[in-house]
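Peer 1: Data: coords22.cif, mmCIF, C-alpha atoms.
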data_upload
#
loop_
_atom_site.label_atom_id
_atom_site.label_comp_id
_atom_site.auth_asym_id
_atom_site.auth_seq_id
_atom_site.Cartn_x
_atom_site.Cartn_y
_atom_site.Cartn_z
CA MET A 1 -15.73 -48.13 -47.52
CA ILE A 2 -18.73 -45.85 -47.07
CA ASP A 3 -18.75 -44.19 -43.62
CA VAL A 4 -22.24 -43.62 -42.27
CA LEU A 5 -23.51 -41.45 -39.41
CA ILE A 6 -26.95 -42.34 -38.02
CA VAL A 7 -29.04 -39.47 -36.62
CA ASP A 8 -32.28 -40.42 -34.86
CA ASP A 9 -33.60 -39.73 -31.38
CA ASN A 10 -34.96 -43.27 -31.03
CA PRO A 11 -32.24 -45.74 -29.96
CA ILE A 12 -34.31 -48.66 -31.27
CA VAL A 13 -34.40 -47.12 -34.76
CA ARG A 14 -30.65 -46.41 -34.61
CA GLY A 15 -30.05 -50.03 -33.62
CA ALA A 16 -32.25 -51.34 -36.43
CA LEU A 17 -30.46 -49.16 -39.01
CA ARG A 18 -27.10 -50.31 -37.69
CA GLY A 19 -28.35 -53.87 -38.10
CA TYR A 20 -29.48 -53.31 -41.72
CA LEU A 21 -26.19 -51.70 -42.66
CA ALA A 22 -24.05 -54.32 -40.91
CA GLY A 23 -25.05 -56.73 -43.66
CA ALA A 24 -23.21 -54.69 -46.30
CA ASP A 25 -19.46 -55.19 -46.59
CA GLU A 26 -18.69 -51.76 -48.01
CA VAL A 27 -20.64 -49.77 -45.40
CA GLN A 28 -19.52 -48.98 -41.87
CA VAL A 29 -21.39 -47.02 -39.23
CA VAL A 30 -18.91 -44.53 -37.77
CA GLY A 31 -21.21 -42.70 -35.38
CA GLU A 32 -24.66 -42.07 -33.98
CA ALA A 33 -26.37 -38.90 -32.80
CA PRO A 34 -29.71 -38.45 -30.99
CA ASP A 35 -30.44 -34.86 -32.11
CA GLY A 36 -29.56 -32.28 -34.74
CA ARG A 37 -27.05 -30.34 -32.71
CA THR A 38 -25.01 -33.41 -31.77
CA ALA A 39 -25.26 -34.51 -35.41
CA VAL A 40 -23.59 -31.32 -36.66
CA THR A 41 -20.70 -31.76 -34.21
CA ALA A 42 -20.32 -35.42 -35.17
CA ALA A 43 -20.39 -34.61 -38.90
CA GLN A 44 -17.74 -31.90 -38.46
CA ARG A 45 -15.53 -34.35 -36.59
CA LEU A 46 -16.09 -37.55 -38.60
CA HIS A 47 -16.84 -36.28 -42.13
CA PRO A 48 -18.93 -39.36 -42.87
CA HIS A 49 -19.71 -39.98 -46.55
CA VAL A 50 -23.40 -40.33 -45.75
CA THR A 51 -25.59 -39.15 -42.87
CA LEU A 52 -28.97 -40.77 -42.27
CA LEU A 53 -31.06 -37.92 -40.87
CA ASP A 54 -34.36 -38.11 -38.99
CA HIS A 55 -36.54 -35.00 -38.82
CA ARG A 56 -38.44 -34.89 -35.53
CA MET A 57 -35.84 -34.83 -32.77
CA PRO A 58 -35.34 -32.87 -29.56
CA VAL A 59 -32.89 -29.94 -29.27
CA ALA A 60 -32.63 -29.38 -33.05
CA ASP A 61 -34.78 -31.08 -35.67
CA GLY A 62 -33.49 -32.45 -38.95
CA LEU A 63 -34.63 -29.58 -41.16
CA SER A 64 -32.91 -26.99 -38.96
CA VAL A 65 -29.50 -28.64 -39.45
CA VAL A 66 -29.71 -30.16 -42.95
CA GLY A 67 -27.82 -27.25 -44.53
CA ARG A 68 -24.98 -27.32 -42.02
CA LEU A 69 -24.73 -31.10 -42.24
CA ALA A 70 -24.60 -30.97 -46.04
CA GLU A 71 -21.38 -28.96 -45.81
CA HIS A 72 -19.63 -32.00 -44.33
CA THR A 73 -21.52 -35.04 -45.61
CA ALA A 74 -24.15 -36.21 -48.08
CA VAL A 75 -27.50 -36.27 -46.31
CA LEU A 76 -30.09 -39.00 -46.80
CA VAL A 77 -33.27 -38.12 -44.92
CA LEU A 78 -34.85 -41.12 -43.26
CA THR A 79 -38.03 -40.25 -41.40
CA SER A 80 -41.63 -41.28 -40.88
CA ASP A 81 -42.85 -37.82 -41.92
CA ALA A 82 -43.82 -37.78 -45.61
CA ALA A 83 -45.29 -34.25 -45.83
CA GLU A 84 -44.70 -32.70 -49.24
CA GLU A 85 -43.48 -29.43 -47.74
CA LEU A 86 -40.91 -31.25 -45.63
CA ILE A 87 -39.63 -33.28 -48.59
CA SER A 88 -39.08 -30.21 -50.76
CA ALA A 89 -37.66 -28.16 -47.88
CA MET A 90 -35.15 -30.88 -47.05
CA LEU A 91 -34.03 -31.22 -50.69
CA ARG A 92 -33.83 -27.44 -51.15
CA GLY A 93 -31.91 -27.25 -47.88
CA GLY A 94 -29.21 -29.63 -49.10
CA ALA A 95 -30.41 -33.23 -48.65
CA SER A 96 -29.47 -35.65 -51.45
CA GLY A 97 -32.20 -38.16 -50.82
CA TYR A 98 -35.37 -38.93 -48.90
CA LEU A 99 -36.73 -42.23 -47.66
CA VAL A 100 -39.87 -42.76 -45.60
CA HIS A 101 -39.90 -45.39 -42.83
CA GLY A 102 -42.21 -48.26 -43.66
CA GLU A 103 -42.10 -47.56 -47.41
CA PHE A 104 -38.81 -49.27 -48.20
CA GLU A 105 -37.04 -52.61 -47.72
CA PRO A 106 -33.47 -52.95 -46.39
CA PRO A 107 -31.99 -53.51 -49.88
CA GLU A 108 -33.42 -50.16 -50.97
CA LEU A 109 -31.77 -48.44 -48.00
CA LEU A 110 -28.42 -49.86 -49.12
CA ARG A 111 -28.93 -48.74 -52.71
CA ALA A 112 -29.88 -45.31 -51.47
CA VAL A 113 -26.76 -45.09 -49.29
CA ARG A 114 -24.57 -46.12 -52.22
CA ALA A 115 -26.23 -43.69 -54.63
CA VAL A 116 -25.95 -40.77 -52.23
CA ALA A 117 -22.32 -41.64 -51.39
CA ALA A 118 -21.60 -41.62 -55.14
CA GLY A 119 -22.86 -38.05 -55.46
CA GLN A 120 -26.23 -39.02 -56.88
CA GLY A 121 -29.55 -39.14 -55.07
CA TRP A 122 -32.36 -41.37 -53.97
CA LEU A 123 -36.05 -40.69 -53.61
CA SER A 124 -38.90 -42.96 -52.62
CA PRO A 125 -41.81 -42.92 -55.11
CA ARG A 126 -43.57 -40.31 -52.98
CA GLY A 127 -40.47 -38.15 -52.89
CA ALA A 128 -40.07 -38.51 -56.64
CA SER A 129 -43.61 -37.38 -57.35
CA VAL A 130 -43.31 -34.40 -54.99
CA THR A 131 -40.08 -33.19 -56.56
CA ILE A 132 -41.27 -33.65 -60.15
CA ALA A 133 -44.34 -31.56 -59.26
CA ALA A 134 -42.17 -28.93 -57.54
CA LEU A 135 -39.92 -28.69 -60.59
CA ARG A 136 -42.89 -28.23 -62.90
CA ASP A 137 -44.43 -25.54 -60.64
CA GLN A 138 -41.14 -23.74 -60.65
CA ALA A 139 -40.95 -23.85 -64.45
CA ALA A 140 -44.53 -22.57 -64.72
CA ARG A 141 -43.80 -19.67 -62.35
CA ALA A 142 -40.62 -18.76 -64.23
CA GLY A 143 -42.69 -18.75 -67.44
CA ASP A 144 -45.24 -16.43 -65.80
CA VAL A 145 -42.54 -13.97 -64.75
CA ARG A 146 -41.05 -13.91 -68.26
CA GLN A 147 -44.48 -13.34 -69.77
CA ARG A 148 -45.36 -10.58 -67.30
CA ARG A 149 -42.03 -8.83 -67.96
CA ARG A 150 -42.32 -9.12 -71.71
CA ALA A 151 -45.61 -7.21 -71.51
CA PHE A 152 -43.74 -4.08 -70.34
CA GLY A 153 -41.95 -3.94 -73.70
CA LEU A 154 -38.51 -2.92 -72.43
CA THR A 155 -35.56 -3.00 -74.82
CA PRO A 156 -32.71 -5.41 -73.99
CA ARG A 157 -30.62 -2.47 -72.75
CA GLU A 158 -33.44 -1.21 -70.55
CA GLU A 159 -33.79 -4.72 -69.12
CA GLU A 160 -30.11 -4.68 -68.18
CA VAL A 161 -30.59 -1.35 -66.45
CA ILE A 162 -33.68 -2.42 -64.47
CA GLU A 163 -31.98 -5.68 -63.42
CA LEU A 164 -29.05 -3.71 -61.99
CA LEU A 165 -31.45 -1.28 -60.34
CA CYS A 166 -33.27 -4.22 -58.70
CA ALA A 167 -29.91 -5.49 -57.46
CA GLY A 168 -29.51 -2.23 -55.54
CA HIS A 169 -27.01 -0.38 -57.73
CA SER A 170 -26.80 3.40 -57.95
CA ASN A 171 -26.97 5.21 -61.29
CA ALA A 172 -23.21 5.71 -61.16
CA ALA A 173 -22.62 2.00 -60.55
CA ILE A 174 -25.00 1.04 -63.38
CA ALA A 175 -23.18 3.45 -65.68
CA ARG A 176 -19.81 1.88 -64.84
CA ARG A 177 -21.14 -1.65 -65.27
CA LEU A 178 -22.68 -1.01 -68.65
CA LEU A 179 -19.96 1.42 -69.82
CA LEU A 180 -22.47 4.25 -70.20
CA THR A 181 -22.54 7.81 -68.98
CA GLU A 182 -24.78 8.58 -66.01
CA LYS A 183 -26.85 10.81 -68.25
CA THR A 184 -27.60 7.88 -70.56
CA VAL A 185 -28.55 5.73 -67.58
CA LYS A 186 -30.95 8.45 -66.44
CA ASN A 187 -32.47 8.54 -69.91
CA HIS A 188 -32.96 4.78 -69.85
CA LEU A 189 -34.52 5.00 -66.39
CA HIS A 190 -36.88 7.71 -67.60
CA HIS A 191 -38.11 5.41 -70.40
CA ILE A 192 -38.30 2.46 -68.01
CA PHE A 193 -40.39 4.41 -65.49
CA THR A 194 -42.79 5.40 -68.25
CA LYS A 195 -43.14 1.83 -69.53
CA LEU A 196 -43.57 0.40 -66.02
CA GLN A 197 -45.86 3.29 -65.03
CA ALA A 198 -43.64 3.85 -62.04
CA ALA A 199 -43.24 7.21 -60.28
CA ASN A 200 -39.84 6.44 -58.79
CA ARG A 201 -37.07 3.84 -58.41
CA THR A 202 -38.83 1.89 -55.66
CA GLU A 203 -42.02 1.54 -57.68
CA ALA A 204 -40.03 0.45 -60.72
CA VAL A 205 -38.26 -2.25 -58.71
CA VAL A 206 -41.58 -3.45 -57.27
CA ARG A 207 -43.24 -3.60 -60.71
CA TRP A 208 -40.33 -5.45 -62.31
CA SER A 209 -39.63 -7.92 -59.55
CA GLY A 210 -43.34 -8.51 -58.89
CA ARG A 211 -42.90 -8.20 -55.14
CA MET B 1 -53.78 -55.40 -63.40
CA ILE B 2 -51.76 -52.42 -64.56
CA SER B 3 -51.91 -52.02 -68.34
CA VAL B 4 -48.67 -50.86 -69.96
CA LEU B 5 -47.70 -49.61 -73.42
CA ILE B 6 -44.04 -49.89 -74.45
CA VAL B 7 -42.71 -47.42 -77.02
CA HIS B 8 -39.10 -48.31 -77.72
CA PRO B 9 -37.04 -48.37 -80.94
CA ASP B 10 -35.26 -51.69 -80.37
CA PRO B 11 -37.39 -54.84 -80.94
CA PRO B 12 -35.36 -57.25 -78.74
CA GLU B 13 -35.37 -54.67 -75.93
CA ARG B 14 -39.12 -54.27 -76.25
CA VAL B 15 -39.62 -58.01 -75.93
CA ALA B 16 -37.27 -58.21 -72.94
CA MET B 17 -39.11 -55.38 -71.22
CA ARG B 18 -42.44 -57.05 -71.85
CA ALA B 19 -41.19 -60.37 -70.45
CA MET B 20 -39.98 -58.66 -67.30
CA LEU B 21 -43.21 -56.74 -66.75
CA ASP B 22 -45.46 -59.71 -67.53
CA ALA B 23 -43.47 -61.87 -65.09
CA SER B 24 -44.30 -59.48 -62.27
CA GLY B 25 -47.85 -60.81 -62.24
CA ARG B 26 -49.39 -57.38 -61.68
CA VAL B 27 -48.71 -55.86 -65.07
CA ARG B 28 -50.16 -56.63 -68.48
CA VAL B 29 -48.37 -55.24 -71.51
CA VAL B 30 -51.13 -54.22 -73.91
CA GLY B 31 -49.05 -52.73 -76.69
CA LEU B 32 -45.53 -52.68 -78.11
CA THR B 33 -44.21 -50.40 -80.81
CA GLY B 34 -41.14 -48.60 -82.03
CA ASP B 35 -43.15 -46.11 -84.08
CA ARG B 36 -44.15 -42.68 -82.87
CA ASP B 37 -47.52 -42.43 -84.63
CA GLU B 38 -48.46 -45.99 -83.78
CA GLY B 39 -47.53 -45.31 -80.16
CA LEU B 40 -49.83 -42.32 -80.12
CA ALA B 41 -52.65 -44.30 -81.76
CA LEU B 42 -52.24 -47.19 -79.31
CA ALA B 43 -52.27 -44.83 -76.33
CA HIS B 44 -55.43 -43.19 -77.65
CA ARG B 45 -57.21 -46.50 -78.33
CA LEU B 46 -56.05 -48.58 -75.34
CA ARG B 47 -55.65 -45.89 -72.66
CA PRO B 48 -52.88 -47.85 -70.92
CA THR B 49 -52.37 -46.92 -67.28
CA VAL B 50 -48.64 -46.42 -67.90
CA THR B 51 -46.57 -45.80 -71.05
CA LEU B 52 -42.84 -46.51 -71.07
CA LEU B 53 -41.60 -44.01 -73.60
CA ASP B 54 -38.10 -44.04 -75.08
CA GLU B 55 -36.95 -40.51 -75.84
CA ARG B 56 -35.49 -41.55 -79.19
CA VAL B 57 -38.94 -42.39 -80.51
CA LEU B 58 -40.75 -39.45 -78.98
CA PRO B 59 -38.79 -36.68 -77.24
CA ALA B 60 -40.31 -35.32 -74.04
CA GLY B 61 -41.77 -31.85 -74.29
CA THR B 62 -42.98 -32.15 -77.89
CA ASP B 63 -46.65 -31.53 -78.66
CA VAL B 64 -47.12 -35.18 -79.59
CA MET B 65 -45.74 -36.23 -76.22
CA HIS B 66 -48.08 -33.82 -74.42
CA THR B 67 -50.98 -35.37 -76.32
CA LEU B 68 -49.92 -38.87 -75.37
CA ALA B 69 -49.66 -37.82 -71.71
CA ARG B 70 -53.36 -36.96 -71.75
CA TRP B 71 -54.16 -40.64 -72.24
CA SER B 72 -51.54 -42.38 -70.15
CA LEU B 73 -49.05 -41.82 -67.31
CA VAL B 74 -45.65 -41.49 -68.97
CA ILE B 75 -42.33 -42.82 -67.72
CA ALA B 76 -39.51 -41.44 -69.88
CA LEU B 77 -36.57 -43.67 -70.75
CA THR B 78 -33.49 -41.67 -71.63
CA PHE B 79 -29.73 -41.77 -72.11
CA ALA B 80 -29.43 -38.22 -70.80
CA THR B 81 -27.31 -37.92 -67.67
CA GLU B 82 -26.49 -34.22 -67.85
CA ARG B 83 -28.56 -32.37 -65.24
CA ARG B 84 -29.88 -29.64 -67.51
CA ALA B 85 -31.05 -32.23 -70.05
CA ILE B 86 -32.78 -34.24 -67.33
CA THR B 87 -34.52 -31.26 -65.73
CA ALA B 88 -35.67 -30.10 -69.17
CA LEU B 89 -37.13 -33.55 -69.76
CA LEU B 90 -38.92 -33.52 -66.40
CA ARG B 91 -40.67 -30.25 -67.22
CA ALA B 92 -42.68 -32.28 -69.73
CA PRO B 93 -45.71 -34.12 -68.31
CA VAL B 94 -43.88 -37.27 -67.21
CA ARG B 95 -44.34 -39.12 -63.91
CA GLY B 96 -41.00 -40.80 -63.87
CA CYS B 97 -37.63 -40.97 -65.52
CA LEU B 98 -35.43 -44.02 -65.94
CA VAL B 99 -31.91 -43.26 -67.12
CA TYR B 100 -30.24 -46.04 -69.14
CA GLY B 101 -27.18 -47.41 -67.40
CA HIS B 102 -28.48 -46.11 -64.07
CA PHE B 103 -31.27 -48.52 -63.21
CA GLU B 104 -31.61 -52.18 -62.44
CA PRO B 105 -34.05 -54.27 -64.47
CA ALA B 106 -36.27 -54.65 -61.39
CA ASP B 107 -36.60 -50.85 -61.24
CA LEU B 108 -38.60 -50.98 -64.45
CA VAL B 109 -41.31 -52.93 -62.61
CA ARG B 110 -41.08 -50.80 -59.47
CA ALA B 111 -41.31 -47.61 -61.50
CA VAL B 112 -44.47 -48.90 -63.20
CA TYR B 113 -46.03 -49.81 -59.83
CA ALA B 114 -45.13 -46.44 -58.32
CA VAL B 115 -46.48 -44.40 -61.23
CA ALA B 116 -49.66 -46.51 -61.49
CA GLU B 117 -50.26 -45.71 -57.80
CA GLY B 118 -50.08 -42.02 -58.58
CA LEU B 119 -46.52 -41.58 -57.30
CA GLY B 120 -43.26 -41.11 -59.20
CA TRP B 121 -39.95 -42.73 -59.97
CA LEU B 122 -36.53 -41.25 -60.66
CA SER B 123 -33.19 -42.96 -61.27
CA PRO B 124 -30.47 -41.79 -58.83
CA VAL B 125 -28.79 -39.58 -61.46
CA ALA B 126 -32.15 -37.93 -62.18
CA VAL B 127 -32.71 -37.34 -58.45
CA ALA B 128 -29.40 -35.50 -58.32
CA ALA B 129 -30.45 -33.36 -61.30
CA VAL B 130 -33.82 -32.46 -59.81
CA THR B 131 -32.49 -31.59 -56.36
CA TRP B 132 -29.84 -29.45 -58.04
CA ALA B 133 -32.54 -27.57 -59.98
CA LEU B 134 -34.68 -27.01 -56.86
CA ARG B 135 -31.69 -25.80 -54.90
CA GLU B 136 -30.60 -23.39 -57.65
CA ALA B 137 -34.08 -21.88 -57.74
CA ALA B 138 -34.19 -21.59 -53.95
CA ARG B 139 -30.85 -19.77 -54.04
CA ALA B 140 -31.95 -17.41 -56.81
CA LYS B 141 -35.13 -16.54 -54.96
CA GLN B 142 -33.39 -15.54 -51.72
CA PRO B 143 -33.86 -11.80 -51.27
CA GLU B 144 -30.70 -9.81 -50.90
CA THR B 145 -30.58 -8.83 -47.27
CA ALA B 146 -28.06 -6.03 -47.69
CA PRO B 147 -27.42 -3.80 -50.71
CA ARG B 148 -24.44 -4.95 -52.71
CA PRO B 149 -21.18 -3.15 -52.04
CA PRO B 150 -20.49 -0.44 -54.59
CA ASP B 151 -18.62 -1.57 -57.66
CA PRO B 152 -14.90 -0.88 -57.54
CA ALA B 153 -13.91 1.98 -59.75
CA PRO B 154 -12.69 0.82 -63.16
CA SER B 155 -8.94 0.72 -63.51
CA TRP B 156 -8.84 2.62 -66.76
#
Output the file's structure as structure tokens, nothing else.

Peer 2:
Amino acid sequence: MIDVLIVDDNPIVRGALRGYLAGADEVQVVGEAPDGRTAVTAAQRLHPHVTLLDHRMPVADGLSVVGRLAEHTAVLVLTSDAAEELISAMLRGGASGYLVHGEFEPPELLRAVRAVAAGQGWLSPRGASVTIAALRDQAARAGDVRQRRRAFGLTPREEEVIELLCAGHSNAAIARRLLLTEKTVKNHLHHIFTKLQAANRTEAVVRWSGR
Amino acid sequence: MISVLIVHPDPPERVAMRAMLDASGRVRVVGLTGDRDEGLALAHRLRPTVTLLDERVLPAGTDVMHTLARWSLVIALTFATERRAITALLRAPVRGCLVYGHFEPADLVRAVYAVAEGLGWLSPVAVAAVTWALREAARAKQPETAPRPPDPAPSW
């Protein structure tokens, strides 16, 4: 049995979803919630396999609770809002799937519920195109960072040192981590500052991290 | 009509895929091949709206695949289920990914419709891979709000 929690502020939508899901033997609706805050409480109490989550709701909207919900249940977003930013934010926040009202038939809802309950995901064609684009952007940006960093010409050891520096470690901590003396770390930093044209630690961190 | 090119190594599979797409009434299969170079030549000559591309014939991410993607919207067909393999594949210029064993025959038609409309299509296992990758990146990008606690002194 797949336990489902329905979260939507509109009782007519909740009723319709209940109706769709009633047709499937292996799915049972274990609860309903009209807003994000009530949804979190219900998810903590019921641990449903799947939560159907609307976005625009009073008290707390879907995006504001998706992360907390995802700790207790697999979240399938089901909303009329198909904005690209919302789709990626929901998926980054912990949602496993995204369906847009009016763009799917009841059988697709059931497949989506099953897929999400099984630890996989489900995206409408719009959701799929948004996430593929987001993934490619991300890869392109990562490539840019690598290219920018390569241009500084640091040695592998110097790269280790600057990474630890960016993570907020002191010279002593870097020395312990890399099994070096503090004097050697200082030497590395001196070379790093020259290569990054940085006057101090803060500038070096800014140059390396690109912030 | 949506024109489709099928590039797949197995002849009976190719024929079955064509039958299914032709039966939809909105798709016309304009080319069928199991050969990489012929696939490229057909895509160049016919400019099919969508190409169904089996990874065994032409792996995603190769230069040849990038060239093909200039002429047609590519849906990759793959056996890969491991999330790193799938996200690597999706960094190539593909508009959709169907994972063997994880889609229903009707999804082939729906994927073609979706991609021809400028949207995308991902099998459930591919969705899980992509959301995982986006989430990992979001986590990595989060700035550290507080400096890390000092390392414990080594025990030696």

Peer 1: Report as a list of chain:residue names all protein, DNA and RNA residues lying within 10 Å of His191 (chain A), evaluated on all atoms listed in the file, omitting residues in the same chain fewer than 6 positions from it.

Peer 2: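 Selected residues are A:Leu154, A:Thr155, A:Glu158, A:Val185, A:Gln197.
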
Peer 1: Starting from the PyMOL selection byres ((chain B) within 7 of (chain A)), expand the selection into actual residues of this file and give them as a JSON list (two decimals) with C-alpha atoms, in the coordinates of the input.

Peer 2:
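Listed below is the output, expr13.json:
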[["chain", "number", "residue", "atom", "x", "y", "z"],
["B", 90, "LEU", "CA", -38.92, -33.52, -66.40],
["B", 91, "ARG", "CA", -40.67, -30.25, -67.22],
["B", 95, "ARG", "CA", -44.34, -39.12, -63.91],
["B", 114, "ALA", "CA", -45.13, -46.44, -58.32],
["B", 119, "LEU", "CA", -46.52, -41.58, -57.30],
["B", 120, "GLY", "CA", -43.26, -41.11, -59.20],
["B", 121, "TRP", "CA", -39.95, -42.73, -59.97],
["B", 122, "LEU", "CA", -36.53, -41.25, -60.66],
["B", 124, "PRO", "CA", -30.47, -41.79, -58.83],
["B", 125, "VAL", "CA", -28.79, -39.58, -61.46],
["B", 127, "VAL", "CA", -32.71, -37.34, -58.45],
["B", 128, "ALA", "CA", -29.40, -35.50, -58.32],
["B", 131, "THR", "CA", -32.49, -31.59, -56.36],
["B", 134, "LEU", "CA", -34.68, -27.01, -56.86],
["B", 135, "ARG", "CA", -31.69, -25.80, -54.90],
["B", 138, "ALA", "CA", -34.19, -21.59, -53.95],
["B", 147, "PRO", "CA", -27.42, -3.80, -50.71],
["B", 148, "ARG", "CA", -24.44, -4.95, -52.71],
["B", 150, "PRO", "CA", -20.49, -0.44, -54.59],
["B", 151, "ASP", "CA", -18.62, -1.57, -57.66]]

Peer 1: Using all atoms listed in the file, which of B:Leu42, B:Ala126, B:Ala92, B:Ala137 sits nearest His66 (chain B)?

Peer 2: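 Counting all atoms listed in the file, the residue closest to His66 (chain B) is B:Ala92.
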
Peer 1: Name every residue that the PyMOL selection byres ((chain A and resi 40) around 12) selects in this structure, writing the answer as a PyMOL selection string with chains first and numbers rising.

Peer 2: chain A and resi 5-7+31-39+41-48+51+53+59-62+64-73+75

Peer 1: Between CA of Pro48 (chain B) and CA of Val130 (chain B), measure the distance and give it in Å to one decimal.

Peer 2: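 We find that CA of Pro48 (chain B) and CA of Val130 (chain B) lie 26.9 Å from each other.
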
Peer 1: Any chance you could resolve the PyMOL selection byres ((chain B and resi 76) around 9) against this file and give the residues as a list in words?

Peer 2: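 On this input, the PyMOL selection byres ((chain B and resi 76) around 9) captures Thr51, Leu52, Leu53, Asp54, Glu55, Pro59, Ala60, Val74, Ile75, Leu77, Thr78, Leu89, Leu90, Val94, Arg95, Gly96, Cys97, Leu98 and Val99 of chain B.
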
Peer 1: Record the distance separating CA of Asn200 (chain A) and CA of Arg148 (chain A), expressed in Å with one decimal.

Peer 2: 19.8 Å

Peer 1: List the neighbours of Thr184 (chain A) out to 10 Å using only C-alpha atoms; skip same-chain residues closer than 5 positions along the sequence, and give me the result as a ChimeraX atom specification.

Peer 2: /A:171,175,189-190

Peer 1: Could you please determine the separation between CA of Pro106 (chain A) and CA of Gly25 (chain B) in Å, to one decimal place?

Peer 2: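 So the two atoms, CA of Pro106 (chain A) and CA of Gly25 (chain B), lie 22.8 Å apart.
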
Peer 1: Which one of A:Val30, A:Leu196, A:Val50, A:Val205 sits closest to Ile162 (chain A) if you count all atoms listed in the file?

Peer 2: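 When distances to Ile162 (chain A) are compared using all atoms listed in the file, the smallest one comes from A:Val205.
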
Peer 1: Within 12 Å of Asp25 (chain A), counting all atoms listed in the file, which residues qualify if same-chain residues fewer than 5 places away don't, as a list in words?

Peer 2: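 Listing them by chain and then by number gives Met1, Ile2, Asp3, Tyr20, Leu110 and Arg114 of chain A.
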
Peer 1: Can you pull out the residues contacting Leu40 (chain B)? Cut-off 12 Å, using only C-alpha atoms, and skip same-chain residues under 3 positions away; I want them as a count of residues only.

Peer 2: 31
